[in-house]
Structures are given as structure tokens and as C-alpha cells.
file final-v9.tsv (TSV, C-alpha atoms)
chain	number	residue	atom	x	y	z
A	21	MET	CA	-18.35	-11.17	-8.95
A	22	THR	CA	-21.18	-10.71	-6.47
A	23	GLN	CA	-18.99	-10.61	-3.36
A	24	PRO	CA	-17.77	-7.08	-2.50
A	25	VAL	CA	-14.11	-6.35	-3.22
A	26	ILE	CA	-11.90	-4.18	-1.05
A	27	CYS	CA	-8.58	-3.07	-2.56
A	28	PHE	CA	-6.02	-1.87	-0.01
A	29	ASP	CA	-2.83	0.02	-0.50
A	30	TRP	CA	-0.10	-1.66	1.57
A	31	ASP	CA	2.47	0.80	2.98
A	32	GLY	CA	0.85	3.45	5.15
A	33	THR	CA	-2.53	1.72	5.00
A	34	LEU	CA	-2.05	-1.80	6.38
A	35	CYS	CA	1.70	-1.77	7.08
A	36	ASP	CA	3.52	0.81	9.21
A	37	SER	CA	6.67	0.80	7.10
A	38	MET	CA	8.02	4.32	7.63
A	39	THR	CA	11.01	3.14	9.67
A	40	LEU	CA	11.79	0.55	7.00
A	41	CYS	CA	11.57	3.12	4.21
A	42	VAL	CA	13.94	5.56	5.93
A	43	GLU	CA	16.46	2.92	6.95
A	44	GLU	CA	16.52	1.09	3.61
A	45	LEU	CA	17.05	4.36	1.74
A	46	ARG	CA	19.81	5.38	4.13
A	47	LEU	CA	21.50	1.99	3.69
A	48	THR	CA	21.04	2.08	-0.10
A	49	LEU	CA	22.58	5.52	-0.53
A	50	THR	CA	25.43	4.67	1.84
A	51	ARG	CA	26.22	1.50	-0.12
A	52	MET	CA	26.15	3.53	-3.35
A	53	GLY	CA	28.45	6.19	-1.90
A	54	LEU	CA	25.82	8.91	-2.42
A	55	PRO	CA	24.82	11.71	-0.03
A	56	VAL	CA	21.99	10.84	2.37
A	57	PRO	CA	19.28	13.53	2.55
A	58	PRO	CA	17.60	14.45	5.85
A	59	ASP	CA	15.03	12.03	7.26
A	60	GLU	CA	12.26	14.47	6.31
A	61	VAL	CA	13.12	13.94	2.64
A	62	LEU	CA	13.45	10.17	3.04
A	63	ARG	CA	10.02	9.96	4.68
A	64	ARG	CA	8.42	11.56	1.64
A	65	CYS	CA	9.60	8.55	-0.39
A	66	ASN	CA	7.16	6.22	1.36
A	67	GLY	CA	4.31	5.93	-1.13
A	68	PRO	CA	5.87	6.84	-4.48
A	69	THR	CA	7.38	4.09	-6.61
A	70	TYR	CA	11.08	3.25	-6.26
A	71	GLU	CA	11.72	5.07	-9.54
A	72	GLU	CA	9.87	8.20	-8.41
A	73	ALA	CA	11.75	8.15	-5.10
A	74	ALA	CA	15.08	7.93	-6.93
A	75	ALA	CA	14.49	11.36	-8.45
A	76	MET	CA	13.33	12.76	-5.09
A	77	ILE	CA	16.59	11.80	-3.35
A	78	GLY	CA	18.96	12.74	-6.15
A	79	VAL	CA	20.02	9.37	-7.57
A	80	PRO	CA	21.79	10.04	-10.89
A	81	ALA	CA	19.77	8.85	-13.88
A	82	ASP	CA	22.52	6.49	-15.00
A	83	ARG	CA	22.52	4.75	-11.59
A	84	VAL	CA	18.77	4.20	-11.14
A	85	ALA	CA	18.96	0.50	-12.09
A	86	GLU	CA	21.73	0.00	-9.54
A	87	TYR	CA	19.71	1.89	-6.92
A	88	MET	CA	16.61	-0.25	-7.62
A	89	ASP	CA	18.55	-3.48	-7.07
A	90	ILE	CA	20.37	-2.31	-3.95
A	91	ARG	CA	17.23	-0.82	-2.40
A	92	LEU	CA	15.22	-3.99	-2.94
A	93	HIS	CA	17.88	-6.10	-1.23
A	94	ALA	CA	18.27	-3.57	1.59
A	95	GLY	CA	14.51	-3.62	2.16
A	96	LEU	CA	14.36	-7.42	2.23
A	97	GLU	CA	17.29	-7.47	4.64
A	98	LEU	CA	15.72	-4.99	7.07
A	99	CYS	CA	12.03	-5.86	6.69
A	100	PRO	CA	11.79	-8.71	9.24
A	101	MET	CA	13.47	-6.53	11.89
A	102	VAL	CA	11.64	-3.21	11.57
A	103	ASN	CA	8.37	-3.64	9.64
A	104	ARG	CA	5.04	-4.04	11.42
A	105	LEU	CA	1.31	-3.90	10.84
A	106	PHE	CA	-0.58	-0.91	12.17
A	107	PRO	CA	-2.27	-1.87	15.47
A	108	GLY	CA	-5.71	-3.32	14.77
A	109	VAL	CA	-5.04	-4.24	11.12
A	110	ARG	CA	-4.86	-7.98	11.75
A	111	GLU	CA	-8.20	-7.85	13.59
A	112	MET	CA	-9.74	-5.75	10.82
A	113	LEU	CA	-8.68	-8.21	8.11
A	114	GLU	CA	-10.05	-11.08	10.17
A	115	ALA	CA	-13.39	-9.27	10.52
A	116	LEU	CA	-13.60	-8.46	6.80
A	117	LYS	CA	-12.31	-11.63	5.12
A	118	ASP	CA	-15.69	-13.41	5.24
A	119	LYS	CA	-17.58	-10.31	4.10
A	120	ALA	CA	-15.50	-9.28	1.08
A	121	ALA	CA	-12.72	-10.39	-1.25
A	122	LEU	CA	-9.61	-8.58	-0.04
A	123	CYS	CA	-6.92	-7.38	-2.46
A	124	VAL	CA	-3.68	-5.39	-2.29
A	125	VAL	CA	-2.74	-2.81	-4.93
A	126	SER	CA	0.70	-1.47	-4.04
A	127	ASN	CA	3.66	0.42	-5.49
A	128	GLY	CA	5.92	-1.95	-3.55
A	129	MET	CA	8.01	-4.66	-5.17
A	130	ARG	CA	6.66	-8.22	-5.46
A	131	ASP	CA	9.45	-9.82	-3.39
A	132	TYR	CA	8.93	-7.26	-0.63
A	133	LEU	CA	5.17	-7.77	-0.39
A	134	GLU	CA	5.50	-11.55	-0.43
A	135	LEU	CA	8.05	-11.34	2.41
A	136	CYS	CA	5.69	-9.11	4.39
A	137	LEU	CA	2.79	-11.52	3.96
A	138	ARG	CA	4.95	-14.42	5.13
A	139	SER	CA	6.38	-12.47	8.05
A	140	PHE	CA	2.94	-11.35	9.23
A	141	ASP	CA	1.32	-14.76	8.58
A	142	LEU	CA	-1.12	-13.22	6.09
A	143	GLU	CA	-0.60	-15.61	3.20
A	144	GLY	CA	-3.97	-16.67	1.81
A	145	VAL	CA	-5.81	-13.63	3.20
A	146	PHE	CA	-5.79	-11.65	-0.06
A	147	LEU	CA	-7.46	-12.85	-3.24
A	148	ARG	CA	-5.17	-10.67	-5.41
A	149	THR	CA	-1.93	-8.79	-4.82
A	150	GLU	CA	-0.77	-6.32	-7.46
A	151	THR	CA	2.67	-4.78	-7.03
A	152	PHE	CA	5.04	-2.49	-8.93
A	153	ARG	CA	5.55	-3.21	-12.60
A	154	HIS	CA	7.72	-0.93	-14.71
A	155	GLY	CA	5.60	1.38	-16.85
A	156	ARG	CA	2.32	0.54	-15.08
A	157	SER	CA	0.57	3.08	-12.87
A	158	LYS	CA	-1.41	2.23	-9.76
A	159	ALA	CA	-4.58	3.19	-11.64
A	160	GLN	CA	-3.70	0.65	-14.34
A	161	ALA	CA	-2.94	-2.01	-11.72
A	162	LEU	CA	-6.33	-1.42	-10.13
A	163	ALA	CA	-7.98	-1.56	-13.56
A	164	GLU	CA	-6.47	-5.03	-14.12
A	165	VAL	CA	-7.98	-6.26	-10.84
A	166	LEU	CA	-11.38	-4.86	-11.77
A	167	ASP	CA	-11.24	-6.30	-15.29
A	168	ASP	CA	-10.48	-9.77	-13.93
A	169	LEU	CA	-12.88	-9.83	-10.97
A	170	ARG	CA	-15.68	-7.64	-12.35
A	171	PRO	CA	-17.08	-6.93	-8.88
A	172	GLU	CA	-20.54	-5.49	-8.39
A	173	ARG	CA	-19.19	-3.34	-5.57
A	174	VAL	CA	-15.63	-2.28	-4.78
A	175	TRP	CA	-13.65	0.21	-2.68
A	176	MET	CA	-10.10	1.54	-2.94
A	177	VAL	CA	-8.49	2.25	0.43
A	178	GLY	CA	-5.21	4.14	0.83
A	179	ASP	CA	-3.28	6.90	2.56
A	180	ARG	CA	-1.82	8.86	-0.36
A	181	LEU	CA	-3.22	10.88	-3.24
A	182	GLY	CA	-2.02	8.26	-5.72
A	183	ASP	CA	-4.35	5.71	-4.11
A	184	ILE	CA	-7.29	8.10	-4.28
A	185	GLU	CA	-6.54	9.06	-7.89
A	186	ALA	CA	-6.27	5.37	-8.84
A	187	GLY	CA	-9.75	4.77	-7.45
A	188	LYS	CA	-11.24	7.83	-9.12
A	189	ALA	CA	-9.66	6.94	-12.47
A	190	ASN	CA	-11.57	3.65	-12.30
A	191	GLY	CA	-14.84	5.08	-10.98
A	192	VAL	CA	-14.30	3.37	-7.63
A	193	PRO	CA	-15.39	4.85	-4.25
A	194	THR	CA	-12.34	5.79	-2.21
A	195	VAL	CA	-11.51	5.78	1.49
A	196	ALA	CA	-8.54	7.74	2.85
A	197	VAL	CA	-6.87	6.47	6.01
A	198	CYS	CA	-5.83	9.49	8.05
A	199	TYR	CA	-3.45	7.53	10.26
A	200	GLY	CA	-1.16	6.91	7.27
A	201	TYR	CA	1.56	8.99	5.64
A	202	GLY	CA	-0.45	11.39	3.51
A	203	THR	CA	-1.60	14.93	4.24
A	204	PRO	CA	-5.05	16.41	4.94
A	205	GLU	CA	-5.05	17.82	1.41
A	206	GLU	CA	-4.54	14.33	-0.03
A	207	TRP	CA	-7.15	12.76	2.26
A	208	ASN	CA	-9.72	15.43	1.38
A	209	ALA	CA	-9.74	14.15	-2.20
A	210	ALA	CA	-11.30	10.85	-1.07
A	211	ASP	CA	-15.00	10.08	-0.83
A	212	ARG	CA	-14.69	8.97	2.80
A	213	GLN	CA	-12.09	9.21	5.55
A	214	ALA	CA	-11.18	6.96	8.47
A	215	VAL	CA	-9.13	8.40	11.31
A	216	THR	CA	-8.30	5.06	12.93
A	217	VAL	CA	-8.04	1.42	11.88
A	218	GLU	CA	-11.08	0.67	14.04
A	219	GLU	CA	-13.10	3.35	12.23
A	220	LEU	CA	-11.98	1.95	8.87
A	221	SER	CA	-13.03	-1.56	9.88
A	222	GLU	CA	-16.46	-0.35	10.98
A	223	LEU	CA	-16.94	1.71	7.79
A	224	LEU	CA	-16.07	-1.21	5.50
A	225	SER	CA	-18.05	-3.76	7.50
A	226	ARG	CA	-21.09	-1.49	7.42
A	227	SER	CA	-20.75	-0.97	3.67
A	228	CYS	CA	-20.55	-4.73	3.06
A	229	ALA	CA	-23.63	-5.30	5.23
A	230	LEU	CA	-25.62	-2.68	3.32
A	231	GLN	CA	-24.91	-4.52	0.06
A	232	VAL	CA	-26.14	-7.78	1.54
A	233	GLU	CA	-29.37	-6.13	2.69
A	234	ARG	CA	-30.11	-4.86	-0.84
A	235	LYS	CA	-29.92	-8.32	-2.44
call {"tool": "encode", "arguments": {"input": "final-v9.tsv", "output": "C-alpha cells"}}
result
Amino acid sequence: MTQPVICFDWDGTLCDSMTLCVEELRLTLTRMGLPVPPDEVLRRCNGPTYEEAAAMIGVPADRVAEYMDIRLHAGLELCPMVNRLFPGVREMLEALKDKAALCVVSNGMRDYLELCLRSFDLEGVFLRTETFRHGRSKAQALAEVLDDLRPERVWMVGDRLGDIEAGKANGVPTVAVCYGYGTPEEWNAADRQAVTVEELSELLSRSCALQVERK
């Protein structure tokens, strides 16, 4: 594929979903009759997979399947009311869509991401969307995108260490978004950093333009 490819994480990179994450976990644990940890603990669950988050908030191993189902439905119930794009993301995607093939590689569930795309009127913007699949890491999800598209140039953009490690595992240049939910230590592992959405848009647009000039 000669067109550049940009793979974005979703939550914390394009979507400001922290309120959703905290509220859906609170609702899930309440419906399960389990103790609700402090918000500080719940916020750390935005980025890891649902299964990883279950261990972080003390869901008993024999109730993880129940938790997964209840959390998914809680998230779908709350998403239209509390989820939002980061300011400037819609404009960034509009500026980039004619310069690169845009993809999403996320730990979120398929139903959740599809609801987000409908709610934000972003259906058709992304060439590929890869979401959580049991037993598959984000690095493996990214590898599937690369194997199918075989791009000459690609970037992985995200806010957490898992996004950066997925890019590095596939030999892909990485960009950390420092407005997301990660930490400076996580962001420092990336090849480049963007402090704002506007800076990210300029960085990616410039990179796409440089490729065109070399042809």
C-alpha cells in the first residue's frame, strides 16, 4: 500500500472516555454486588483490556465472564450520554483522511467502538478498526493490520505504554499523545510526543507530506 497508514488507539487518544470508564465500572460492580474501589483505581482501568481491569479492581476469577457481559452493557448504556471526542480530534481526522489511510487499534469491545463511531458520525472515516479479541494482544492486532495492508509507511499513535509497545513490537514509529491517560514515563518510550491534538495533527500531516515529496 503506497498511501501512508496511521493507526490510532481509541480511548485516551481520540476519545475522552475517562468519565465513561469510571461510571461504567461503578455501575458494573454495583450491579454485581461487589465493592467499588476509589475513583483513582477505576481511572487506571482506562487503557487495559476488560480482563486486565477485572484483576485490577478485584473481580473474583469465577465471575470474570459475568463482569465482562455486565460491563459491556453498562458501557453501551452510558456511552451516548457521557462519551466525547477530545476537542480538535474531528478537525484532525478531517485534515488527515485525504493524506493517509486511518485505522483504529483498540482494546475496546467491538460493539462499543461501533456505537462510538455512530454516535460521533465517524462511520466510514477509518479503513480498519481492530478491537479486543480474547487471547490477542494489541501488538498482534496491529500486526494483522500491517499484514493485510502492507503499507510503505505507518505510525502507531496512542496514550499508554501498551500502544507504544505494540508499535515497537512491529517495528513501527510511535507517537505518544501527552493529553491522554498515560504518564510521562510511558510517553517517554515513544519515538515522538504530541502535547495537544493540534500538535499531533501538524506532526502527522507533516510526516505524510514528507513521504509525498520523496516519491
call {"tool": "atom_distance", "arguments": {"input": "final-v9.tsv", "atom1": "CA of Ile184 in chain A", "atom2": "CA of Leu105 in chain A"}}
result
21.1 Å
call {"tool": "closest_residue", "arguments": {"input": "final-v9.tsv", "among": "A:Val124, A:Ala161, A:Glu97, A:Asp167", "to": "Thr149 in chain A", "atoms": "only C-alpha atoms"}}
result
A:Val124
call {"tool": "closest_residue", "arguments": {"input": "final-v9.tsv", "among": "A:Leu137, A:Cys27, A:Val109, A:Ala159", "to": "Thr216 in chain A", "atoms": "only C-alpha atoms"}}
result
A:Val109
call {"tool": "residues_around", "arguments": {"input": "final-v9.tsv", "residues": "Gly53 in chain A", "least_positions_apart": "6", "cutoff": "12 Å", "atoms": "all atoms listed in the file", "output": "list in words"}}
result
Arg46, Leu47, Val79, Pro80, Arg83, Glu86, Tyr87 and Ile90 of chain A
call {"tool": "closest_residue", "arguments": {"input": "final-v9.tsv", "among": "A:Val197, A:Val145, A:Asn190, A:Ala75", "to": "Leu116 in chain A", "atoms": "all atoms listed in the file"}}
result
A:Val145
call {"tool": "closest_residue", "arguments": {"input": "final-v9.tsv", "among": "A:Leu133, A:Cys65, A:Val56, A:Ile26", "to": "Leu220 in chain A", "atoms": "only C-alpha atoms"}}
result
A:Ile26
call {"tool": "axis_aligned_box", "arguments": {"input": "final-v9.tsv", "around": "range 34-51 of chain A", "padding_each_side": "6 Å", "output": "AutoDock Vina command-line options"}}
result
--center_x 12.1 --center_y 1.9 --center_z 4.6 --size_x 40.3 --size_y 19.4 --size_z 22.2
call {"tool": "closest_residue", "arguments": {"input": "final-v9.tsv", "among": "A:Gly200, A:Pro58, A:Pro107, A:Pro68", "to": "Val177 in chain A", "atoms": "only C-alpha atoms"}}
result
A:Gly200
call {"tool": "closest_residue", "arguments": {"input": "final-v9.tsv", "among": "A:Leu230, A:Val125, A:Ala186, A:Leu224", "to": "Phe152 in chain A", "atoms": "all atoms listed in the file"}}
result
A:Val125
call {"tool": "residues_around", "arguments": {"input": "final-v9.tsv", "residues": "range 39-44 of chain A", "least_positions_apart": "4", "cutoff": "10 Å", "atoms": "all atoms listed in the file", "output": "list in words"}}
result
Asp31, Thr48, Leu49, Thr50, Pro58, Asp59, Glu60, Val61, Leu62, Arg63, Arg64, Cys65, Asn66, Gly67, Ile90, Arg91, Leu92, His93, Ala94, Gly95, Leu96, Glu97, Leu98, Cys99, Pro100, Met101, Val102, Asn103 and Arg104 of chain A
call {"tool": "residues_near_point", "arguments": {"input": "final-v9.tsv", "point": "(-4.6, -5.6, -6.9)", "cutoff": "12 Å", "atoms": "all atoms listed in the file", "output": "ChimeraX atom specification"}}
result
/A:25-30,121-128,130,133,146-153,157-169,174-177,183,186-187
call {"tool": "atom_distance", "arguments": {"input": "final-v9.tsv", "atom1": "CA of Arg180 in chain A", "atom2": "CA of Met88 in chain A"}}
result
21.8 Å
call {"tool": "decode", "arguments": {"input": "final-v9.tsv", "residues": "range 64-83 of chain A", "atoms": "C-alpha atoms", "output": "PDB file, in the first residue's frame"}}
result
ATOM      1  CA  ARG A  64      -6.284   3.253  35.992  1.00  0.00           C
ATOM      2  CA  CYS A  65      -8.576   0.778  34.193  1.00  0.00           C
ATOM      3  CA  ASN A  66      -8.899   3.046  31.165  1.00  0.00           C
ATOM      4  CA  GLY A  67      -6.443   1.541  28.689  1.00  0.00           C
ATOM      5  CA  PRO A  68      -6.024  -2.067  29.843  1.00  0.00           C
ATOM      6  CA  THR A  69      -8.347  -4.724  28.433  1.00  0.00           C
ATOM      7  CA  TYR A  70     -11.567  -5.569  30.272  1.00  0.00           C
ATOM      8  CA  GLU A  71      -9.929  -8.771  31.509  1.00  0.00           C
ATOM      9  CA  GLU A  72      -6.856  -6.939  32.819  1.00  0.00           C
ATOM     10  CA  ALA A  73      -9.079  -4.374  34.530  1.00  0.00           C
ATOM     11  CA  ALA A  74     -11.056  -7.148  36.239  1.00  0.00           C
ATOM     12  CA  ALA A  75      -7.948  -8.207  38.162  1.00  0.00           C
ATOM     13  CA  MET A  76      -7.106  -4.568  38.985  1.00  0.00           C
ATOM     14  CA  ILE A  77     -10.480  -3.970  40.670  1.00  0.00           C
ATOM     15  CA  GLY A  78     -10.745  -7.301  42.460  1.00  0.00           C
ATOM     16  CA  VAL A  79     -13.353  -9.175  40.418  1.00  0.00           C
ATOM     17  CA  PRO A  80     -13.258 -12.841  41.527  1.00  0.00           C
ATOM     18  CA  ALA A  81     -11.845 -15.126  38.848  1.00  0.00           C
ATOM     19  CA  ASP A  82     -15.035 -17.185  38.701  1.00  0.00           C
ATOM     20  CA  ARG A  83     -17.101 -14.046  37.957  1.00  0.00           C
TER      21      ARG A  83
END
